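What follows is a set of notes on a single structure, which appears directly below.
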Amino acid sequence: MDLIRHLLHDLPDPILQLIRLSLWLALLLLVFVPLERLVALHGQKLFRPGFRTDLAYFFISGMVPRTLLVLPVALLAWLLHFLVPPGLHEAVAGLPIWLRFALALVVGELGFYWGHRWSHEIPLLWRFHAVHHSAPKMDWLVNTRAHPVDLIFTRLCGFIPLYLLGFAQPSRGGAGDVILLTVILIGTSWGFFIHSNLRWRLGWLGWLLSTPAFHHWHHTRSDHRDRNYASMLPVFDRVFGTFYLPRHWPAEYGTETPVPPDLAGQLIQPLRRRTGSGPGDATPATTPG
């Protein structure tokens, strides 16, 4: 064990990240592959069309945003000294750890909700977010299909209120960082679940927590595509009028916005030209009713 620790300690950070992501991928495979065989919603192969592309996104999403977020988070840490009253963070730090964690989940989810919703409603942001909606089939790995620009924007929308209210400290270690990492881990793990090809609604829990039934409607090609933005707490969709959860499931998934089928095209196209401005077509996005 000491030899392994020594070898890992000497490895470059990108290699360590690849090792961690590979172990995380192995765990996800062990959990979701059997489940999607036993309680599948749709009969489909494990190596469906686009599987290799989404697998590449798994590693891109795990490595690139972390690197690109360093500068904006450092800038945010600097701005906090001018924007936040000194006593606010002290008051938050005095709360019990369990309460800080619970509040951080709610505050972060609110930020993620609006970041996600703006990614649908603002044409420039939809150019990047359309990549995520281009998957014609749903399973756990679709969770990773996201352009790095899309990921960075949505995460910042969740991070900013956490930093402003003192639930996380971007410039120093401590409990706030632990809370932030835990919020990210729980949110990411739940993201794999709600994208999965599972016919689970979770009964009454489905009204409190997002489920595959809830999130699959967000990926539909029907008129209900601009609904269900919350990643974990559907209460925000209820409050802001975007909740939709019928008893049946979507007939088909994807988007009519043109998105290249290959990884390179999906990464480059949003940077070069407009790919359509709304989830269902190439016209400017409209706010859901």
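Just so we're on the same page: first chain in the structure tokens is A, next is B, and so on; residues restart at 1 for each chain, and ligands are numbered from 1 in the order they show up.
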
Any chance you could list, as a PDB file with C-alpha atoms, in the first residue's frame, the residues in segment 36-285 of chain A that come up helix (DSSP H, G or I) when DSSP is run on the backbone?
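To be explicit, this is the file written out as selection06.pdb:
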ATOM      1  CA  GLU A  36     -30.862  -1.232 -17.102  1.00  0.00           C
ATOM      2  CA  ARG A  37     -31.065  -4.883 -18.062  1.00  0.00           C
ATOM      3  CA  LEU A  38     -33.385  -5.850 -15.201  1.00  0.00           C
ATOM      4  CA  PHE A  51     -22.102   5.247 -26.820  1.00  0.00           C
ATOM      5  CA  ARG A  52     -18.444   5.867 -27.693  1.00  0.00           C
ATOM      6  CA  THR A  53     -19.086   9.588 -28.090  1.00  0.00           C
ATOM      7  CA  ASP A  54     -20.744   9.764 -24.678  1.00  0.00           C
ATOM      8  CA  LEU A  55     -17.888   7.738 -23.208  1.00  0.00           C
ATOM      9  CA  ALA A  56     -15.454  10.354 -24.508  1.00  0.00           C
ATOM     10  CA  TYR A  57     -17.650  13.049 -22.958  1.00  0.00           C
ATOM     11  CA  PHE A  58     -17.382  11.233 -19.630  1.00  0.00           C
ATOM     12  CA  PHE A  59     -13.660  11.970 -19.505  1.00  0.00           C
ATOM     13  CA  ILE A  60     -13.944  15.418 -21.098  1.00  0.00           C
ATOM     14  CA  SER A  61     -16.625  16.464 -18.601  1.00  0.00           C
ATOM     15  CA  GLY A  62     -14.548  15.140 -15.730  1.00  0.00           C
ATOM     16  CA  MET A  63     -11.332  16.949 -16.656  1.00  0.00           C
ATOM     17  CA  VAL A  64     -11.851  20.022 -18.846  1.00  0.00           C
ATOM     18  CA  PRO A  65     -14.389  22.066 -16.798  1.00  0.00           C
ATOM     19  CA  ARG A  66     -12.303  21.639 -13.655  1.00  0.00           C
ATOM     20  CA  THR A  67      -9.344  23.247 -15.402  1.00  0.00           C
ATOM     21  CA  LEU A  68     -11.317  26.007 -17.101  1.00  0.00           C
ATOM     22  CA  VAL A  70      -9.967  27.893 -12.066  1.00  0.00           C
ATOM     23  CA  LEU A  71      -9.816  31.446 -13.452  1.00  0.00           C
ATOM     24  CA  PRO A  72     -13.507  32.420 -13.028  1.00  0.00           C
ATOM     25  CA  VAL A  73     -13.606  30.943  -9.520  1.00  0.00           C
ATOM     26  CA  ALA A  74     -10.459  32.873  -8.581  1.00  0.00           C
ATOM     27  CA  LEU A  75     -12.050  36.057  -9.937  1.00  0.00           C
ATOM     28  CA  LEU A  76     -15.212  35.312  -7.981  1.00  0.00           C
ATOM     29  CA  ALA A  77     -13.177  34.825  -4.795  1.00  0.00           C
ATOM     30  CA  TRP A  78     -11.655  38.267  -5.300  1.00  0.00           C
ATOM     31  CA  LEU A  79     -15.034  39.913  -5.935  1.00  0.00           C
ATOM     32  CA  LEU A  80     -16.519  38.395  -2.782  1.00  0.00           C
ATOM     33  CA  HIS A  81     -14.329  40.653  -0.670  1.00  0.00           C
ATOM     34  CA  PHE A  82     -16.215  43.644  -2.085  1.00  0.00           C
ATOM     35  CA  LEU A  83     -19.733  42.240  -2.468  1.00  0.00           C
ATOM     36  CA  PRO A  86     -18.294  40.453   6.525  1.00  0.00           C
ATOM     37  CA  GLY A  87     -20.835  39.170   9.048  1.00  0.00           C
ATOM     38  CA  LEU A  88     -22.777  37.035   6.561  1.00  0.00           C
ATOM     39  CA  HIS A  89     -20.174  34.307   6.155  1.00  0.00           C
ATOM     40  CA  GLU A  90     -19.515  34.286   9.896  1.00  0.00           C
ATOM     41  CA  ALA A  91     -23.219  33.744  10.563  1.00  0.00           C
ATOM     42  CA  VAL A  92     -23.378  30.880   8.055  1.00  0.00           C
ATOM     43  CA  ALA A  93     -20.229  29.321   9.523  1.00  0.00           C
ATOM     44  CA  ILE A  97     -22.919  21.381   9.703  1.00  0.00           C
ATOM     45  CA  TRP A  98     -26.039  19.380   8.812  1.00  0.00           C
ATOM     46  CA  LEU A  99     -28.059  22.565   8.357  1.00  0.00           C
ATOM     47  CA  ARG A 100     -25.342  24.176   6.240  1.00  0.00           C
ATOM     48  CA  PHE A 101     -25.273  21.098   4.026  1.00  0.00           C
ATOM     49  CA  ALA A 102     -29.069  20.989   3.640  1.00  0.00           C
ATOM     50  CA  LEU A 103     -29.226  24.693   2.829  1.00  0.00           C
ATOM     51  CA  ALA A 104     -26.315  24.345   0.400  1.00  0.00           C
ATOM     52  CA  LEU A 105     -28.192  21.631  -1.500  1.00  0.00           C
ATOM     53  CA  VAL A 106     -31.249  23.859  -1.841  1.00  0.00           C
ATOM     54  CA  VAL A 107     -29.301  27.023  -2.723  1.00  0.00           C
ATOM     55  CA  GLY A 108     -27.106  25.203  -5.238  1.00  0.00           C
ATOM     56  CA  GLU A 109     -30.116  23.517  -6.814  1.00  0.00           C
ATOM     57  CA  LEU A 110     -31.821  26.883  -7.251  1.00  0.00           C
ATOM     58  CA  GLY A 111     -28.758  28.205  -9.076  1.00  0.00           C
ATOM     59  CA  PHE A 112     -28.508  25.089 -11.237  1.00  0.00           C
ATOM     60  CA  TYR A 113     -32.225  25.352 -12.060  1.00  0.00           C
ATOM     61  CA  TRP A 114     -31.884  28.866 -13.464  1.00  0.00           C
ATOM     62  CA  GLY A 115     -28.613  28.107 -15.210  1.00  0.00           C
ATOM     63  CA  HIS A 116     -30.278  25.149 -16.906  1.00  0.00           C
ATOM     64  CA  ARG A 117     -33.386  27.109 -17.788  1.00  0.00           C
ATOM     65  CA  TRP A 118     -31.385  30.013 -19.234  1.00  0.00           C
ATOM     66  CA  SER A 119     -29.529  27.460 -21.365  1.00  0.00           C
ATOM     67  CA  HIS A 120     -32.868  26.728 -23.031  1.00  0.00           C
ATOM     68  CA  GLU A 121     -34.215  30.250 -23.247  1.00  0.00           C
ATOM     69  CA  PRO A 123     -30.208  31.421 -27.986  1.00  0.00           C
ATOM     70  CA  LEU A 124     -26.447  31.756 -27.458  1.00  0.00           C
ATOM     71  CA  LEU A 125     -26.501  29.310 -24.541  1.00  0.00           C
ATOM     72  CA  TRP A 126     -28.786  26.881 -26.375  1.00  0.00           C
ATOM     73  CA  ARG A 127     -26.154  26.517 -29.102  1.00  0.00           C
ATOM     74  CA  PHE A 128     -24.023  24.665 -26.538  1.00  0.00           C
ATOM     75  CA  HIS A 129     -26.777  22.991 -24.538  1.00  0.00           C
ATOM     76  CA  ALA A 130     -28.335  21.474 -27.679  1.00  0.00           C
ATOM     77  CA  VAL A 131     -25.467  18.975 -27.669  1.00  0.00           C
ATOM     78  CA  HIS A 132     -26.862  17.423 -24.499  1.00  0.00           C
ATOM     79  CA  HIS A 133     -30.337  17.149 -26.013  1.00  0.00           C
ATOM     80  CA  TRP A 140     -27.189   6.697 -17.673  1.00  0.00           C
ATOM     81  CA  LEU A 141     -24.247   7.690 -19.885  1.00  0.00           C
ATOM     82  CA  VAL A 142     -26.243  10.437 -21.642  1.00  0.00           C
ATOM     83  CA  ASN A 143     -25.685  12.441 -18.461  1.00  0.00           C
ATOM     84  CA  THR A 144     -22.103  13.078 -19.597  1.00  0.00           C
ATOM     85  CA  PRO A 148     -17.656  22.104 -21.786  1.00  0.00           C
ATOM     86  CA  VAL A 149     -18.996  25.661 -22.219  1.00  0.00           C
ATOM     87  CA  ASP A 150     -22.456  24.440 -21.219  1.00  0.00           C
ATOM     88  CA  LEU A 151     -21.078  22.649 -18.164  1.00  0.00           C
ATOM     89  CA  ILE A 152     -19.023  25.624 -17.021  1.00  0.00           C
ATOM     90  CA  PHE A 153     -21.935  28.048 -17.306  1.00  0.00           C
ATOM     91  CA  THR A 154     -24.381  25.819 -15.414  1.00  0.00           C
ATOM     92  CA  ARG A 155     -21.899  25.045 -12.666  1.00  0.00           C
ATOM     93  CA  LEU A 156     -21.066  28.689 -12.171  1.00  0.00           C
ATOM     94  CA  CYS A 157     -24.781  29.436 -11.817  1.00  0.00           C
ATOM     95  CA  GLY A 158     -24.872  26.933  -8.958  1.00  0.00           C
ATOM     96  CA  PHE A 159     -21.547  27.928  -7.428  1.00  0.00           C
ATOM     97  CA  ILE A 160     -22.124  31.686  -7.296  1.00  0.00           C
ATOM     98  CA  PRO A 161     -24.994  31.667  -4.742  1.00  0.00           C
ATOM     99  CA  LEU A 162     -23.090  29.096  -2.672  1.00  0.00           C
ATOM    100  CA  TYR A 163     -20.053  31.365  -2.584  1.00  0.00           C
ATOM    101  CA  LEU A 164     -22.053  34.535  -1.996  1.00  0.00           C
ATOM    102  CA  ALA A 175     -15.813  22.874   5.663  1.00  0.00           C
ATOM    103  CA  GLY A 176     -17.225  25.022   2.899  1.00  0.00           C
ATOM    104  CA  ASP A 177     -15.098  23.228   0.338  1.00  0.00           C
ATOM    105  CA  VAL A 178     -16.211  19.862   1.699  1.00  0.00           C
ATOM    106  CA  ILE A 179     -19.840  20.945   1.394  1.00  0.00           C
ATOM    107  CA  LEU A 180     -19.301  22.130  -2.181  1.00  0.00           C
ATOM    108  CA  LEU A 181     -17.603  18.883  -3.189  1.00  0.00           C
ATOM    109  CA  THR A 182     -20.407  16.878  -1.578  1.00  0.00           C
ATOM    110  CA  VAL A 183     -23.077  18.904  -3.372  1.00  0.00           C
ATOM    111  CA  ILE A 184     -21.279  18.304  -6.689  1.00  0.00           C
ATOM    112  CA  LEU A 185     -20.871  14.580  -6.009  1.00  0.00           C
ATOM    113  CA  ILE A 186     -24.519  14.088  -5.058  1.00  0.00           C
ATOM    114  CA  GLY A 187     -25.739  16.159  -8.005  1.00  0.00           C
ATOM    115  CA  THR A 188     -23.522  14.332 -10.487  1.00  0.00           C
ATOM    116  CA  SER A 189     -24.532  10.916  -9.159  1.00  0.00           C
ATOM    117  CA  TRP A 190     -28.211  11.858  -9.283  1.00  0.00           C
ATOM    118  CA  GLY A 191     -27.712  13.046 -12.846  1.00  0.00           C
ATOM    119  CA  PHE A 192     -26.724   9.542 -13.932  1.00  0.00           C
ATOM    120  CA  PHE A 193     -29.836   8.178 -12.257  1.00  0.00           C
ATOM    121  CA  ILE A 194     -32.376  10.555 -13.822  1.00  0.00           C
ATOM    122  CA  HIS A 195     -30.968   9.979 -17.319  1.00  0.00           C
ATOM    123  CA  GLY A 203     -43.988   6.578  -5.906  1.00  0.00           C
ATOM    124  CA  TRP A 204     -44.604   9.546  -3.609  1.00  0.00           C
ATOM    125  CA  LEU A 205     -40.858  10.257  -3.500  1.00  0.00           C
ATOM    126  CA  GLY A 206     -41.167  11.261  -7.143  1.00  0.00           C
ATOM    127  CA  TRP A 207     -42.947  14.416  -5.999  1.00  0.00           C
ATOM    128  CA  PRO A 212     -36.135   9.167 -14.679  1.00  0.00           C
ATOM    129  CA  ALA A 213     -39.872   9.687 -15.317  1.00  0.00           C
ATOM    130  CA  PHE A 214     -39.474  13.382 -14.449  1.00  0.00           C
ATOM    131  CA  HIS A 215     -36.297  14.046 -16.410  1.00  0.00           C
ATOM    132  CA  HIS A 216     -37.116  11.963 -19.473  1.00  0.00           C
ATOM    133  CA  TRP A 217     -39.844  14.505 -20.263  1.00  0.00           C
ATOM    134  CA  HIS A 218     -37.153  17.174 -20.328  1.00  0.00           C
ATOM    135  CA  HIS A 219     -35.513  15.278 -23.206  1.00  0.00           C
ATOM    136  CA  VAL A 235     -40.229  21.886  -6.188  1.00  0.00           C
ATOM    137  CA  PHE A 236     -38.473  24.620  -8.163  1.00  0.00           C
ATOM    138  CA  ASP A 237     -40.284  23.591 -11.333  1.00  0.00           C
ATOM    139  CA  ARG A 238     -43.548  23.758  -9.390  1.00  0.00           C
ATOM    140  CA  VAL A 239     -42.731  27.206  -8.020  1.00  0.00           C
ATOM    141  CA  LEU A 263     -17.626  14.346 -31.121  1.00  0.00           C
ATOM    142  CA  ALA A 264     -15.379  16.848 -32.921  1.00  0.00           C
ATOM    143  CA  GLY A 265     -18.330  18.391 -34.717  1.00  0.00           C
ATOM    144  CA  GLN A 266     -20.333  18.733 -31.505  1.00  0.00           C
ATOM    145  CA  LEU A 267     -17.440  20.486 -29.771  1.00  0.00           C
ATOM    146  CA  ILE A 268     -16.593  22.843 -32.627  1.00  0.00           C
ATOM    147  CA  GLN A 269     -19.926  23.717 -34.255  1.00  0.00           C
ATOM    148  CA  PRO A 270     -21.391  25.828 -31.396  1.00  0.00           C
ATOM    149  CA  LEU A 271     -18.228  27.930 -31.460  1.00  0.00           C
ATOM    150  CA  ARG A 272     -18.447  28.589 -35.189  1.00  0.00           C
TER     151      ARG A 272
END
